[in-house]
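Peer 1: Just so it is clear, I am handing over data29.cif, which has mmCIF, C-alpha atoms.
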```cif
data_structure
loop_
_atom_site.label_atom_id
_atom_site.label_comp_id
_atom_site.auth_asym_id
_atom_site.auth_seq_id
_atom_site.Cartn_x
_atom_site.Cartn_y
_atom_site.Cartn_z
CA MET A 28 164.55 244.79 95.50
CA ILE A 29 166.07 242.62 92.79
CA LEU A 30 167.22 245.02 90.08
CA GLU A 31 166.37 242.81 87.10
CA LEU A 32 162.84 242.18 88.38
CA ASP A 33 162.29 245.90 88.97
CA VAL A 34 163.47 246.77 85.45
CA LEU A 35 161.32 244.00 83.96
CA LEU A 36 158.24 245.28 85.81
CA PHE A 37 158.90 248.83 84.61
CA VAL A 38 159.20 247.62 81.02
CA ILE A 39 155.90 245.72 81.42
CA LEU A 40 154.34 248.93 82.79
CA ILE A 41 155.46 250.91 79.75
CA VAL A 42 154.15 248.24 77.36
CA THR A 43 150.75 248.00 79.07
CA ALA A 44 150.46 251.81 79.25
CA VAL A 45 151.14 252.20 75.52
CA LEU A 46 148.75 249.37 74.65
CA ALA A 47 146.02 250.81 76.90
CA LEU A 48 146.17 254.02 74.88
CA LYS A 49 146.43 252.26 71.50
CA VAL A 50 143.61 249.68 71.54
CA ARG A 51 140.30 250.74 70.03
CA ASP A 52 138.13 248.60 72.29
CA LEU A 53 137.65 250.59 75.49
CA LEU A 54 136.98 247.49 77.61
CA ALA A 55 140.33 246.07 76.49
CA ALA A 56 141.91 249.42 77.39
CA VAL A 57 140.41 249.16 80.89
CA ALA A 58 141.67 245.59 81.29
CA LEU A 59 145.15 246.77 80.30
CA LEU A 60 144.85 249.67 82.74
CA ALA A 61 143.98 247.23 85.56
CA ALA A 62 147.01 245.12 84.59
CA TYR A 63 149.11 248.30 84.68
CA SER A 64 147.90 249.05 88.21
CA LEU A 65 148.58 245.48 89.35
CA PHE A 66 152.15 245.56 88.03
CA ALA A 67 152.60 248.93 89.75
CA ALA A 68 151.37 247.23 92.95
CA LEU A 69 154.05 244.55 92.44
CA ILE A 70 156.70 247.28 92.24
CA PHE A 71 155.32 248.78 95.45
CA ALA A 72 155.53 245.37 97.13
CA GLY A 73 159.10 245.02 95.88
CA ALA A 74 159.93 248.40 97.42
CA VAL A 75 158.51 247.00 100.73
CA ALA A 76 155.63 249.52 100.65
CA VAL A 77 153.22 246.76 101.67
CA ASP A 78 150.28 248.98 102.64
CA VAL A 79 150.54 250.93 99.40
CA ALA A 80 150.75 247.72 97.36
CA LEU A 81 147.53 246.40 98.94
CA VAL A 82 145.65 249.67 98.45
CA GLU A 83 146.86 250.03 94.85
CA ALA A 84 145.79 246.47 94.04
CA VAL A 85 142.34 246.96 95.57
CA LEU A 86 141.57 250.56 94.58
CA GLY A 87 143.84 251.19 91.60
CA ALA A 88 143.20 247.89 89.83
CA GLY A 89 139.86 246.87 91.35
CA VAL A 90 137.63 249.85 92.06
CA THR A 91 138.96 252.04 89.23
CA GLY A 92 138.45 249.16 86.79
CA VAL A 93 134.90 248.55 88.02
CA LEU A 94 134.05 252.26 87.72
CA PHE A 95 135.50 252.39 84.20
CA ILE A 96 133.62 249.25 83.12
CA ALA A 97 130.34 250.56 84.54
CA ALA A 98 130.77 253.88 82.71
CA ILE A 99 131.78 252.22 79.43
CA LEU A 100 128.88 249.76 79.50
CA THR A 101 126.40 252.63 79.89
CA THR A 102 128.09 254.65 77.13
CA SER A 103 130.08 253.53 74.13
CA ARG A 104 132.57 250.69 73.91
CA ARG A 105 134.43 251.73 70.78
CA ALA A 106 136.92 254.54 70.50
CA ASP A 107 136.41 255.62 66.87
CA VAL A 108 139.55 257.60 66.21
CA VAL A 109 142.41 256.71 68.50
CA ASP A 110 144.20 259.99 67.96
CA SER A 111 144.45 262.70 65.36
CA SER A 112 147.72 263.02 63.50
CA ARG A 113 147.62 266.81 63.57
CA ARG A 114 147.32 266.88 67.31
CA ARG A 115 149.94 264.15 67.65
CA TRP A 116 152.50 266.34 65.88
CA ALA A 117 151.51 269.29 68.03
CA THR A 118 151.86 267.22 71.21
CA LEU A 119 155.23 265.57 70.59
CA PRO A 120 157.34 268.78 70.87
CA VAL A 121 155.57 269.60 74.14
CA LEU A 122 156.32 266.12 75.44
CA ALA A 123 159.95 266.33 74.30
CA ALA A 124 160.34 269.64 76.13
CA PHE A 125 158.66 268.16 79.23
CA LEU A 126 160.93 265.12 79.15
CA ALA A 127 164.09 267.18 78.65
CA LEU A 128 163.19 269.56 81.47
CA MET A 129 162.34 266.73 83.87
CA ILE A 130 165.48 264.73 83.04
CA TYR A 131 167.51 267.89 83.67
CA ALA A 132 165.70 268.37 87.00
CA SER A 133 166.14 264.72 87.99
CA THR A 134 169.94 265.10 87.90
CA GLY A 135 169.59 266.95 91.20
CA LEU A 136 167.74 264.07 92.86
CA PRO A 137 169.52 261.53 95.10
CA ASP A 138 170.49 258.06 93.87
CA LYS A 139 168.04 255.19 94.37
CA GLY A 140 168.25 253.67 97.84
CA ASP A 141 170.65 256.30 99.22
CA PRO A 142 170.14 256.24 103.04
CA GLU A 143 171.61 259.75 103.27
CA ALA A 144 168.98 261.28 100.95
CA PRO A 145 167.53 264.53 102.36
CA ALA A 146 164.01 263.08 102.38
CA HIS A 147 165.07 260.50 104.97
CA GLN A 148 166.67 263.04 107.31
CA GLY A 149 163.75 265.18 108.46
CA VAL A 150 160.76 263.97 110.39
CA ALA A 151 160.79 260.36 109.14
CA PRO A 152 163.40 259.05 111.66
CA VAL A 153 161.42 260.63 114.49
CA TYR A 154 158.29 258.78 113.39
CA LEU A 155 160.20 255.52 113.06
CA GLU A 156 161.93 255.76 116.45
CA ASP A 157 159.06 257.15 118.54
CA SER A 158 155.90 255.67 117.06
CA LEU A 159 155.98 252.39 119.02
CA GLU A 160 156.29 254.28 122.30
CA ASP A 161 153.82 257.04 121.35
CA THR A 162 151.06 255.00 119.73
CA GLU A 163 151.81 251.35 120.66
CA THR A 164 151.26 250.44 117.01
CA PRO A 165 154.05 248.42 115.37
CA ASN A 166 153.01 249.44 111.86
CA VAL A 167 154.41 252.95 111.45
CA VAL A 168 152.22 253.70 108.41
CA THR A 169 149.11 252.95 110.47
CA ALA A 170 150.41 255.15 113.28
CA LEU A 171 151.02 257.96 110.79
CA LEU A 172 147.67 257.56 109.08
CA ALA A 173 145.45 257.37 112.15
CA ASP A 174 147.49 259.25 114.74
CA TYR A 175 150.29 261.66 113.76
CA ARG A 176 148.55 262.83 110.60
CA SER A 177 144.95 261.94 111.36
CA GLN A 178 143.80 265.38 110.23
CA ASP A 179 145.24 264.60 106.79
CA THR A 180 143.06 261.49 106.79
CA LEU A 181 140.04 263.51 107.90
CA GLY A 182 140.63 265.92 105.00
CA GLU A 183 140.94 262.93 102.67
CA THR A 184 137.54 261.61 103.74
CA LEU A 185 136.13 265.10 103.11
CA VAL A 186 137.57 264.98 99.58
CA ILE A 187 135.98 261.57 99.00
CA VAL A 188 132.60 262.77 100.29
CA THR A 189 132.83 265.77 97.96
CA ALA A 190 133.74 263.55 95.02
CA ALA A 191 130.86 261.16 95.76
CA LEU A 192 128.45 264.08 96.09
CA GLY A 193 129.70 265.60 92.84
CA ALA A 194 129.34 262.35 90.92
CA ALA A 195 125.89 261.69 92.42
CA LEU A 196 124.67 265.19 91.54
CA VAL A 197 125.99 264.98 87.98
CA LEU A 198 124.28 261.63 87.42
CA ARG A 199 121.07 262.74 89.18
CA ALA A 200 120.76 265.76 86.89
CA ARG A 201 120.54 263.31 83.99
CA GLU A 202 117.76 261.29 85.60
CA GLN A 203 115.70 264.41 86.28
CA GLU A 204 116.14 265.48 82.68
CA GLU A 205 114.95 262.07 81.47
CA LEU A 206 111.93 262.22 83.73
CA GLY A 207 111.26 265.74 82.45
CA MET B 30 177.49 253.68 82.65
CA VAL B 31 175.93 250.56 84.18
CA GLU B 32 176.32 252.09 87.64
CA LEU B 33 174.65 255.28 86.48
CA PHE B 34 171.73 253.23 85.13
CA VAL B 35 171.42 251.26 88.40
CA ASP B 36 171.32 254.51 90.39
CA ARG B 37 168.99 256.46 88.14
CA TYR B 38 166.79 254.01 86.19
CA VAL B 39 163.71 254.76 88.32
CA TYR B 40 163.68 258.39 87.18
CA LEU B 41 164.07 257.35 83.55
CA PHE B 42 161.17 254.87 83.63
CA VAL B 43 158.91 257.14 85.68
CA LEU B 44 159.50 260.03 83.26
CA VAL B 45 158.68 257.80 80.29
CA LEU B 46 155.43 256.73 82.00
CA LEU B 47 154.59 260.37 82.81
CA SER B 48 155.12 261.26 79.15
CA ILE B 49 152.87 258.40 78.00
CA GLY B 50 150.15 259.61 80.37
CA LEU B 51 150.52 263.22 79.20
CA TYR B 52 150.37 262.06 75.57
CA GLY B 53 147.14 260.22 76.35
CA MET B 54 145.62 263.32 77.92
CA PHE B 55 146.74 265.70 75.14
CA ALA B 56 146.49 263.72 71.92
CA MET B 57 143.61 261.28 72.42
CA ARG B 58 140.25 262.34 71.03
CA ASN B 59 138.21 259.84 73.00
CA LEU B 60 137.34 261.21 76.43
CA ALA B 61 137.55 257.79 78.11
CA LYS B 62 141.06 257.44 76.67
CA LYS B 63 141.95 260.80 78.20
CA LEU B 64 140.94 259.42 81.61
CA VAL B 65 143.04 256.30 80.98
CA GLY B 66 145.98 258.61 80.26
CA MET B 67 145.32 260.51 83.49
CA THR B 68 145.35 257.25 85.49
CA ILE B 69 148.67 256.26 83.90
CA PHE B 70 150.09 259.67 84.82
CA THR B 71 148.97 259.53 88.47
CA THR B 72 150.22 255.96 88.95
CA ALA B 73 153.62 257.03 87.60
CA ILE B 74 153.73 259.72 90.30
CA TYR B 75 152.95 257.07 92.94
CA LEU B 76 155.88 255.02 91.62
CA PHE B 77 158.18 258.04 91.87
CA PHE B 78 157.28 258.63 95.52
CA ILE B 79 157.47 254.98 96.59
CA GLU B 80 160.82 254.39 94.89
CA GLY B 81 162.02 257.53 96.69
CA SER B 82 161.16 255.94 100.04
CA VAL B 83 163.53 253.01 99.50
CA LYS B 84 166.69 252.80 101.61
CA ASP B 85 169.38 250.23 100.94
CA GLY B 86 169.33 247.47 103.56
CA ALA B 87 166.03 248.62 105.07
CA THR B 88 162.86 246.60 105.57
CA ALA B 89 159.12 247.38 105.73
CA PRO B 90 158.18 250.10 108.26
CA ILE B 91 156.71 247.70 110.82
CA ILE B 92 158.66 247.83 114.07
CA SER B 93 159.95 244.34 114.85
CA PRO B 94 162.15 243.18 117.75
CA ALA B 95 164.62 241.70 115.28
CA VAL B 96 165.48 245.12 113.81
CA GLY B 97 164.84 247.29 116.87
CA VAL B 98 163.82 250.95 116.76
CA ASP B 99 166.78 252.17 114.69
CA ALA B 100 165.46 254.39 111.88
CA ALA B 101 168.13 253.13 109.45
CA GLY B 102 166.56 249.65 109.51
CA TYR B 103 163.21 250.73 108.06
CA VAL B 104 162.23 252.48 104.83
CA ASP B 105 160.76 255.98 104.99
CA PRO B 106 157.07 255.62 106.03
CA LEU B 107 155.99 259.14 105.12
CA PRO B 108 155.79 258.66 101.30
CA HIS B 109 153.75 255.51 101.96
CA LEU B 110 151.14 257.52 103.86
CA LEU B 111 151.08 260.32 101.28
CA ILE B 112 150.59 257.86 98.43
CA LEU B 113 147.89 255.94 100.32
CA THR B 114 145.98 259.22 100.50
CA ALA B 115 146.76 260.02 96.86
CA ILE B 116 145.47 256.63 95.64
CA VAL B 117 142.15 257.07 97.46
CA VAL B 118 141.75 260.64 96.19
CA GLY B 119 142.74 259.45 92.70
CA VAL B 120 139.84 256.99 92.69
CA GLY B 121 137.54 259.90 93.66
CA ILE B 122 138.86 261.96 90.73
CA VAL B 123 138.32 259.08 88.30
CA GLY B 124 134.78 258.61 89.68
CA VAL B 125 133.83 262.25 89.10
CA GLY B 126 135.46 262.17 85.66
CA LEU B 127 133.50 259.08 84.67
CA ALA B 128 130.24 260.60 85.94
CA LEU B 129 130.89 263.62 83.71
CA LEU B 130 131.68 261.22 80.86
CA VAL B 131 128.34 259.44 81.25
CA ARG B 132 126.61 262.82 81.36
CA ILE B 133 128.36 264.01 78.17
CA TYR B 134 127.38 260.79 76.42
CA GLN B 135 123.75 261.24 77.47
CA ALA B 136 123.73 264.80 76.15
CA HIS B 137 125.67 264.27 72.91
CA GLY B 138 125.60 260.55 72.11
CA THR B 139 129.35 260.30 71.67
CA LEU B 140 132.60 260.27 73.62
CA GLU B 141 134.72 261.63 70.75
CA GLU B 142 135.90 265.11 71.67
CA ASN B 143 135.79 266.50 68.12
CA GLU B 144 132.18 265.36 67.63
CA VAL B 145 131.11 266.90 70.94
CA VAL B 146 132.80 270.17 69.95
CA ALA B 147 131.12 270.04 66.51
CA ARG B 148 127.72 269.50 68.12
CA LEU B 149 128.26 272.33 70.59
CA SER B 150 129.19 274.71 67.76
CA GLY B 151 126.07 273.67 65.82
CA SER B 152 127.83 272.08 62.84
CA PRO B 153 125.47 270.28 60.42
CA ARG B 154 127.78 267.24 60.40
CA ALA B 155 126.98 266.64 64.04
CA GLY B 156 124.50 264.03 65.13
CA ARG B 157 125.32 261.57 62.33
CA ARG B 158 125.80 258.77 64.84
CA GLY B 159 122.07 258.43 65.33
CA HIS B 160 121.75 258.41 69.09
CA PRO B 161 118.14 258.58 70.38
CA LEU B 162 118.86 261.92 72.04
CA ASP B 163 120.14 263.29 68.75
CA GLU B 164 116.80 264.80 67.69
CA PRO B 165 117.00 267.95 69.81
CA ALA B 166 113.72 269.51 68.59
CA GLN B 167 111.57 266.47 69.37
CA ALA B 168 113.38 265.58 72.56
CA THR B 169 113.07 269.05 74.08
CA SER B 170 109.46 269.53 73.05
CA ALA B 171 108.57 266.13 74.48
CA GLY B 172 110.47 267.01 77.64
CA GLU B 173 108.66 270.32 77.97
CA ALA B 174 105.31 268.67 77.38
CA ASP B 175 106.05 266.15 80.12
CA GLY B 176 107.19 268.93 82.40
CA GLU B 177 103.98 270.89 81.86
CA ALA B 178 101.89 267.76 82.35
CA GLY B 179 103.76 267.10 85.58
CA ALA B 180 103.22 270.68 86.79
#
```
Give the structure from the file, written as structure tokens.
Peer 2:
Amino acid sequence: MILELDVLLFVILIVTAVLALKVRDLLAAVALLAAYSLFAALIFAGAVAVDVALVEAVLGAGVTGVLFIAAILTTSRRADVVDSSRRRWATLPVLAAFLALMIYASTGLPDKGDPEAPAHQGVAPVYLEDSLEDTETPNVVTALLADYRSQDTLGETLVIVTAALGAALVLRAREQEELG
Amino acid sequence: MVELFVDRYVYLFVLVLLSIGLYGMFAMRNLAKKLVGMTIFTTAIYLFFIEGSVKDGATAPIISPAVGVDAAGYVDPLPHLLILTAIVVGVGIVGVGLALLVRIYQAHGTLEENEVVARLSGSPRAGRRGHPLDEPAQATSAGEADGEAGA
């Protein structure tokens, strides 16, 4: 990926994230959040994670935005108090400690794009070299998703069913209450 | 210094985004804003994983005759799969969170955390926003009457 473009996209991400938390109109916040997800999808595309970029653009920017808009239109559009100054001063030391700890931890991580990074040494080369022969699918991510790790995907669908059930039950409880 | 930045800038930016998301979850009073902060946080984690899958001089993990089956020619596909799953699950989490949000608004007429807390603790200042459900005595008695009529 082109370095300057990557840095520019990250700066845009930070700006949209801060604005999404700062604006008082919740619909504007959701629009900024969708923009944030789309720019994240651009970074994914730049890092040649094409499948992830597509899914992030559709689900992260699209479906999440639609869900947020539906919820905000049935509730309240304005965020009265953006944040409380007392809690802001209580939060900042926690964040500073978090940031310091994570920066210290990140010094042990490999450099960007290092082909010798430990994460690339384990099972990933096996997938890359064997998947065409094993599954006859050129797209290795598809082969992983639907073949090597299909039970992961089954568990994921279970999670989604549980989430849908939970949301439906929570909203149904309201309707019953309204009906008496 | 420039080399250090080129090697490590992803971690720096991702950590800043994580902090922004955490700030949104901790310091915002509005519950919808807390969910926005959570989405920022999770997307930052996706960025961390995907940038970790990059290899210099490697292309997308789709086996092509031009590159062959040499693992060094393709980026790591495993983070891609993990993050695909995480994005889908993340949408599920946001959906449940928003359903709870709608439910809280129906019960309390507000999305501001401090007002919900004040109402739950029975403070007299609560209910000043004038939502139709804000008259608990009438609403419950009407609901009970309906329920008895239905039974």
Peer 1: Decode the PyMOL selection byres ((chain A and resi 105) around 7) for the given file into explicit residues and return them as number ranges by chain.
Peer 2: A: 51-53, 103-104, 106-107
Peer 1: Step by step, work through what the PyMOL selection byres ((chain B and resi 101) around 9) selects in the shown file, and finish by giving those residues as an NGL selection string.
Peer 2: (:A and (142 or 152)) or (:B and (84 or 86-87 or 98-100 or 102-104))
Peer 1: Kindly resolve the PyMOL selection byres ((chain A and resi 63-65) around 10) on the present coordinates and return the residues as a PyMOL selection string.
Peer 2: (chain A and resi 36-37+39-44+47+57-62+66-71+80-81+83-89+91-92) or (chain B and resi 68-69+72-73)
Peer 1: Could you please give me, as a count of residues only, the residues of protein, DNA or RNA lying at most 9 Å from (157.4, 248.5, 104.6) in the coordinate frame of the file, considering all atoms listed in the file?
Peer 2: 20
Peer 1: Give as a VMD selection string each residue that has an atom at most 6 Å from (126.8, 257.2, 76.7) in the file, counting only C-alpha atoms.
Peer 2: (chain A and resid 101 to 103) or (chain B and resid 131 134 to 135 138)
Peer 1: Restricting the calculation to all atoms listed in the file: of A:Arg114, A:Gly73, A:Leu126, A:Val150, which residue gets closest to Asp33 of chain A?
Peer 2: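 Ranking A:Arg114, A:Gly73, A:Leu126, A:Val150 by distance to Asp33 of chain A, first place goes to A:Gly73.
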Peer 1: Leaving out Leu127 of chain B and any residue of its chain fewer than 6 positions from it, which residues lie within 9 Å of it when counting all atoms listed in the file, given as a count of residues only?
Peer 2: 7
Peer 1: If I take atom CA of Val186 of chain A and atom CA of Leu130 of chain B, how far is one from the other in Å, to one decimal?
Peer 2: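 Atom CA of Val186 of chain A sits 20.0 Å away from atom CA of Leu130 of chain B.
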Peer 1: Of the candidates A:Leu128, A:Leu32, A:Ala200, A:Asp138, which one gets nearest to chain B if we count all atoms listed in the file?
Peer 2: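 The answer is A:Asp138, which sits nearest to chain B.
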Peer 1: Mind pulling up the distance from atom CA of Ala170 of chain A to atom CA of Val153 of chain A?
Peer 2: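 These two atoms are separated by 12.4 Å.
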